[in-house]
Amino acid sequence: MGMPAEDTALMLRYAQDGDMAAFETLYSRHKDPLYRYLLRLSGQRDNAADLCQEVWSKVIRARAGYRPTAKFSTWLYRIAHNAFIDQVRRNRRYDDRSADPDLLADPGHGPEQGAERRRLRERLFAALAGLPEEQRDAFLLQEEAGLTLDEIASVTGVPRETAKSRLRYAAAKLRKALAEPAAPLEDA
Amino acid sequence: MTGNDDSTRDETISAAWREASTDTSPHSLDRKVLREAARAAGRTARMPAWTRPLAFAATLVLGVALLLHMQAELDSPYPPAELPVPGRQPATSPGATAPAEADAARAAEQSPVAAPPEQADEVRAVQESSTGADPGPAAGNSAEPQPALYEARTETPALRQERPRDAAELERSAEDAGRSLQSIAITGQQDAVAQSFATKRRADTADDERCTPEQRADADRWRECIERLAAAGFAELAQQEREAYAETYPDAAPP
């Protein structure tokens, strides 16, 4: 059994030869983490879907000029980060992340999920939503995109130490939020 | 994650996040993105990479083969246009052919190389001028449809493209050949005529200069005749006369 093709090789096959199978493989690898990254950044499912479509459209349009100078994921999340920043600048309504009541719902589990699990999820998402945007961005790039510290600094356009500081503050606040006694959940 | 990221990563939070973050992209989004990617791939689908060196090699081979073929054709001593035409029929129209033209046509048939009409006309004109005959109505009729000089070449698109160039070159070479043949014929005929005239003139002059019986009757006059012949350059005739003189006058010293 052969090794799975690298993201860069898949993107080159799609860009140079029009290999649709390579793009489908690439898309299946990154579509859900990218969607979650944009969902937790924007706080709106519809806007996350729109941003995702915009990011992938930019990837498709930029295929002819694609050069493997960096990891594909770094390139992809730089596009996503810039798309989100542009959208925030265009419309400040994304500050109201609590406007989407469905955001805390867990699509992977039904009503039978445990109360403790639901409680943990809601506390984690609520703590993340309370983070400053830069810290939230850095945390999501680390957890969803799987980027390294240097890659996070590259995507967000800040020095490595700045990115490191943001990650530390984010982790500390989330840890504190998870350690606090949970408030009783309202029954649906 | 790399080792230098460990200080920023909290495994408890990471595990909690992985368990909580299970959202997936909507299927409608997947369909839109894949459809757009497929459209873009269809617009920019290119040949596989391995076909590029193959196309280059094929172009190179064809180019070299074409150059070699052209070089071989240029080096050939027998241009394809001058090959004999097997089973070629004479291009003469019955009833309108003069006798001289018929002769030229027969000569062209017998010749292994088909001559263009201009060349045949020039040769015929030389022949007729040497015999003083009327060149006839066909002389200099260059507007007449030319015989199929190029019939020996297999008709191919490449040959059809080469035909104008070959025709011009062949006409030039045929004209040169005709002029050469004409000059050779004229020179040969002139030499022959001059030789015959010289021979005849020499014979007539020798008969005139030969010593008469009256001169031979007188030893002194015969001697003077022999000396005049020798002085005029008729050495052979002078020698004959000298031998006859010695037989007639054996006691006298020959001149």
# chains A, B, ... in the order shown; residues from 1 in each chain; ligands from 1

$ residues_around --residues "region 161-176 of chain A" --least-positions-apart "3" --cutoff "8 Å" --atoms "only C-alpha atoms" --output "list of chain:residue names"
A:Leu124, A:Ala127, A:Leu128, A:Leu131, A:Glu134, A:Gln135, A:Arg136, A:Ala138, A:Phe139, A:Leu149, A:Ile152, A:Ala153, A:Val158, A:Ala179, A:Glu180, B:Thr8, B:Arg9, B:Asp10, B:Ile13

$ interface_residues --of "chain A" --to "chain B" --cutoff "8 Å" --atoms "only C-alpha atoms" --output "PDB file with N, CA and C atoms, in the first residue's frame"
ATOM      1  N   TYR A  14      -3.701  18.731  -9.518  1.00  0.00           N
ATOM      2  CA  TYR A  14      -4.938  19.408  -9.917  1.00  0.00           C
ATOM      3  C   TYR A  14      -4.629  20.663 -10.728  1.00  0.00           C
ATOM      4  N   ALA A  15      -3.623  21.417 -10.278  1.00  0.00           N
ATOM      5  CA  ALA A  15      -3.328  22.689 -10.949  1.00  0.00           C
ATOM      6  C   ALA A  15      -2.750  22.466 -12.333  1.00  0.00           C
ATOM      7  N   GLN A  16      -1.869  21.474 -12.485  1.00  0.00           N
ATOM      8  CA  GLN A  16      -1.161  21.308 -13.752  1.00  0.00           C
ATOM      9  C   GLN A  16      -1.887  20.384 -14.719  1.00  0.00           C
ATOM     10  N   ASP A  17      -2.488  19.315 -14.189  1.00  0.00           N
ATOM     11  CA  ASP A  17      -3.094  18.320 -15.071  1.00  0.00           C
ATOM     12  C   ASP A  17      -4.608  18.306 -15.025  1.00  0.00           C
ATOM     13  N   GLY A  18      -5.182  19.151 -14.181  1.00  0.00           N
ATOM     14  CA  GLY A  18      -6.632  19.133 -14.050  1.00  0.00           C
ATOM     15  C   GLY A  18      -7.146  17.848 -13.416  1.00  0.00           C
ATOM     16  N   ASP A  19      -6.317  17.251 -12.555  1.00  0.00           N
ATOM     17  CA  ASP A  19      -6.674  15.976 -11.937  1.00  0.00           C
ATOM     18  C   ASP A  19      -7.734  16.223 -10.855  1.00  0.00           C
ATOM     19  N   MET A  20      -8.976  15.923 -11.199  1.00  0.00           N
ATOM     20  CA  MET A  20     -10.083  16.186 -10.268  1.00  0.00           C
ATOM     21  C   MET A  20     -10.046  15.251  -9.073  1.00  0.00           C
ATOM     22  N   PHE A  23      -7.935  16.739  -6.465  1.00  0.00           N
ATOM     23  CA  PHE A  23      -8.597  17.818  -5.736  1.00  0.00           C
ATOM     24  C   PHE A  23      -9.619  17.267  -4.745  1.00  0.00           C
ATOM     25  N   GLU A  24     -10.337  16.230  -5.141  1.00  0.00           N
ATOM     26  CA  GLU A  24     -11.328  15.650  -4.220  1.00  0.00           C
ATOM     27  C   GLU A  24     -10.647  15.104  -2.962  1.00  0.00           C
ATOM     28  N   LYS A  31     -11.684  20.017   4.249  1.00  0.00           N
ATOM     29  CA  LYS A  31     -12.950  20.743   4.228  1.00  0.00           C
ATOM     30  C   LYS A  31     -13.535  20.924   5.637  1.00  0.00           C
ATOM     31  N   ASP A  32     -13.532  19.881   6.475  1.00  0.00           N
ATOM     32  CA  ASP A  32     -14.159  19.999   7.789  1.00  0.00           C
ATOM     33  C   ASP A  32     -13.339  20.872   8.746  1.00  0.00           C
ATOM     34  N   PRO A  33     -12.007  20.673   8.853  1.00  0.00           N
ATOM     35  CA  PRO A  33     -11.247  21.592   9.728  1.00  0.00           C
ATOM     36  C   PRO A  33     -11.361  23.053   9.297  1.00  0.00           C
ATOM     37  N   TYR A  35     -13.866  24.397   7.720  1.00  0.00           N
ATOM     38  CA  TYR A  35     -15.217  24.872   8.062  1.00  0.00           C
ATOM     39  C   TYR A  35     -15.309  25.180   9.549  1.00  0.00           C
ATOM     40  N   ARG A  36     -14.749  24.323  10.375  1.00  0.00           N
ATOM     41  CA  ARG A  36     -14.815  24.562  11.826  1.00  0.00           C
ATOM     42  C   ARG A  36     -14.007  25.803  12.213  1.00  0.00           C
ATOM     43  N   ALA A  49     -20.134  28.962   5.991  1.00  0.00           N
ATOM     44  CA  ALA A  49     -20.258  28.261   4.701  1.00  0.00           C
ATOM     45  C   ALA A  49     -19.892  29.186   3.545  1.00  0.00           C
ATOM     46  N   CYS A  52     -16.193  29.598   3.530  1.00  0.00           N
ATOM     47  CA  CYS A  52     -15.553  28.376   3.020  1.00  0.00           C
ATOM     48  C   CYS A  52     -15.609  28.345   1.499  1.00  0.00           C
ATOM     49  N   GLN A  53     -16.772  28.637   0.959  1.00  0.00           N
ATOM     50  CA  GLN A  53     -16.888  28.621  -0.500  1.00  0.00           C
ATOM     51  C   GLN A  53     -15.962  29.664  -1.137  1.00  0.00           C
ATOM     52  N   TRP A  56     -12.318  28.292  -0.973  1.00  0.00           N
ATOM     53  CA  TRP A  56     -12.041  27.246  -1.973  1.00  0.00           C
ATOM     54  C   TRP A  56     -12.093  27.804  -3.394  1.00  0.00           C
ATOM     55  N   SER A  57     -12.945  28.779  -3.606  1.00  0.00           N
ATOM     56  CA  SER A  57     -12.958  29.413  -4.926  1.00  0.00           C
ATOM     57  C   SER A  57     -11.635  30.115  -5.205  1.00  0.00           C
ATOM     58  N   ILE A  60      -9.112  27.510  -6.094  1.00  0.00           N
ATOM     59  CA  ILE A  60      -9.298  27.016  -7.475  1.00  0.00           C
ATOM     60  C   ILE A  60      -8.797  28.053  -8.473  1.00  0.00           C
ATOM     61  N   ARG A  61      -9.127  29.309  -8.214  1.00  0.00           N
ATOM     62  CA  ARG A  61      -8.699  30.341  -9.164  1.00  0.00           C
ATOM     63  C   ARG A  61      -7.191  30.554  -9.138  1.00  0.00           C
ATOM     64  N   ASP A 106     -24.476  20.129  19.027  1.00  0.00           N
ATOM     65  CA  ASP A 106     -23.495  19.160  18.567  1.00  0.00           C
ATOM     66  C   ASP A 106     -24.107  18.354  17.437  1.00  0.00           C
ATOM     67  N   PRO A 107     -23.661  18.572  16.205  1.00  0.00           N
ATOM     68  CA  PRO A 107     -24.276  17.880  15.087  1.00  0.00           C
ATOM     69  C   PRO A 107     -23.930  16.415  15.050  1.00  0.00           C
ATOM     70  N   GLY A 108     -22.905  15.995  15.766  1.00  0.00           N
ATOM     71  CA  GLY A 108     -22.487  14.596  15.682  1.00  0.00           C
ATOM     72  C   GLY A 108     -23.176  13.711  16.687  1.00  0.00           C
ATOM     73  N   LEU A 120     -19.606  20.334  28.896  1.00  0.00           N
ATOM     74  CA  LEU A 120     -18.217  20.625  28.553  1.00  0.00           C
ATOM     75  C   LEU A 120     -18.119  21.359  27.220  1.00  0.00           C
ATOM     76  N   ARG A 121     -18.879  20.895  26.290  1.00  0.00           N
ATOM     77  CA  ARG A 121     -18.854  21.508  24.953  1.00  0.00           C
ATOM     78  C   ARG A 121     -19.302  22.966  25.002  1.00  0.00           C
ATOM     79  N   LEU A 124     -16.755  25.163  26.723  1.00  0.00           N
ATOM     80  CA  LEU A 124     -15.562  25.373  25.910  1.00  0.00           C
ATOM     81  C   LEU A 124     -15.828  26.384  24.799  1.00  0.00           C
ATOM     82  N   GLU A 143      -5.370  24.190  16.796  1.00  0.00           N
ATOM     83  CA  GLU A 143      -6.161  22.992  17.074  1.00  0.00           C
ATOM     84  C   GLU A 143      -6.871  22.442  15.843  1.00  0.00           C
ATOM     85  N   GLY A 146      -3.915  22.524  12.740  1.00  0.00           N
ATOM     86  CA  GLY A 146      -2.729  21.746  13.071  1.00  0.00           C
ATOM     87  C   GLY A 146      -1.437  22.437  12.684  1.00  0.00           C
ATOM     88  N   LEU A 147      -1.456  23.760  12.660  1.00  0.00           N
ATOM     89  CA  LEU A 147      -0.253  24.488  12.263  1.00  0.00           C
ATOM     90  C   LEU A 147       0.719  24.602  13.442  1.00  0.00           C
ATOM     91  N   THR A 148       1.976  24.733  13.125  1.00  0.00           N
ATOM     92  CA  THR A 148       3.007  24.961  14.135  1.00  0.00           C
ATOM     93  C   THR A 148       3.029  26.433  14.520  1.00  0.00           C
ATOM     94  N   LEU A 149       3.831  26.724  15.516  1.00  0.00           N
ATOM     95  CA  LEU A 149       3.919  28.107  15.979  1.00  0.00           C
ATOM     96  C   LEU A 149       4.418  29.034  14.868  1.00  0.00           C
ATOM     97  N   LYS A 164       3.091  33.151  19.888  1.00  0.00           N
ATOM     98  CA  LYS A 164       3.260  32.281  21.064  1.00  0.00           C
ATOM     99  C   LYS A 164       2.532  32.862  22.281  1.00  0.00           C
ATOM    100  N   LEU A 167      -1.188  32.334  21.976  1.00  0.00           N
ATOM    101  CA  LEU A 167      -1.576  30.950  22.265  1.00  0.00           C
ATOM    102  C   LEU A 167      -1.567  30.688  23.777  1.00  0.00           C
ATOM    103  N   ARG A 168      -0.598  31.244  24.477  1.00  0.00           N
ATOM    104  CA  ARG A 168      -0.505  31.029  25.921  1.00  0.00           C
ATOM    105  C   ARG A 168      -1.695  31.674  26.641  1.00  0.00           C
ATOM    106  N   ALA A 171      -4.825  29.592  25.883  1.00  0.00           N
ATOM    107  CA  ALA A 171      -4.855  28.319  26.634  1.00  0.00           C
ATOM    108  C   ALA A 171      -5.168  28.563  28.102  1.00  0.00           C
ATOM    109  N   LEU A 174      -8.941  29.399  28.539  1.00  0.00           N
ATOM    110  CA  LEU A 174      -9.795  28.213  28.308  1.00  0.00           C
ATOM    111  C   LEU A 174      -9.659  27.234  29.468  1.00  0.00           C
ATOM    112  N   ARG A 175      -8.436  27.083  29.951  1.00  0.00           N
ATOM    113  CA  ARG A 175      -8.202  26.182  31.069  1.00  0.00           C
ATOM    114  C   ARG A 175      -8.976  26.668  32.304  1.00  0.00           C
TER     115      ARG A 175
END

$ atom_distance --atom1 "CA of Gln215 (chain B)" --atom2 "CA of Ala244 (chain B)"
12.4 Å

$ select_by_dssp --residues "chain A" --states "alpha helix (DSSP H)" --output "number ranges by chain"
A: 7-17, 20-42, 45-61, 72-90, 115-129, 133-143, 149-156, 160-179

$ atom_distance --atom1 "CA of Arg29 (chain A)" --atom2 "CA of Tyr77 (chain A)"
13.3 Å

$ atom_distance --atom1 "CA of Ala230 (chain B)" --atom2 "CA of Thr212 (chain B)"
15.6 Å
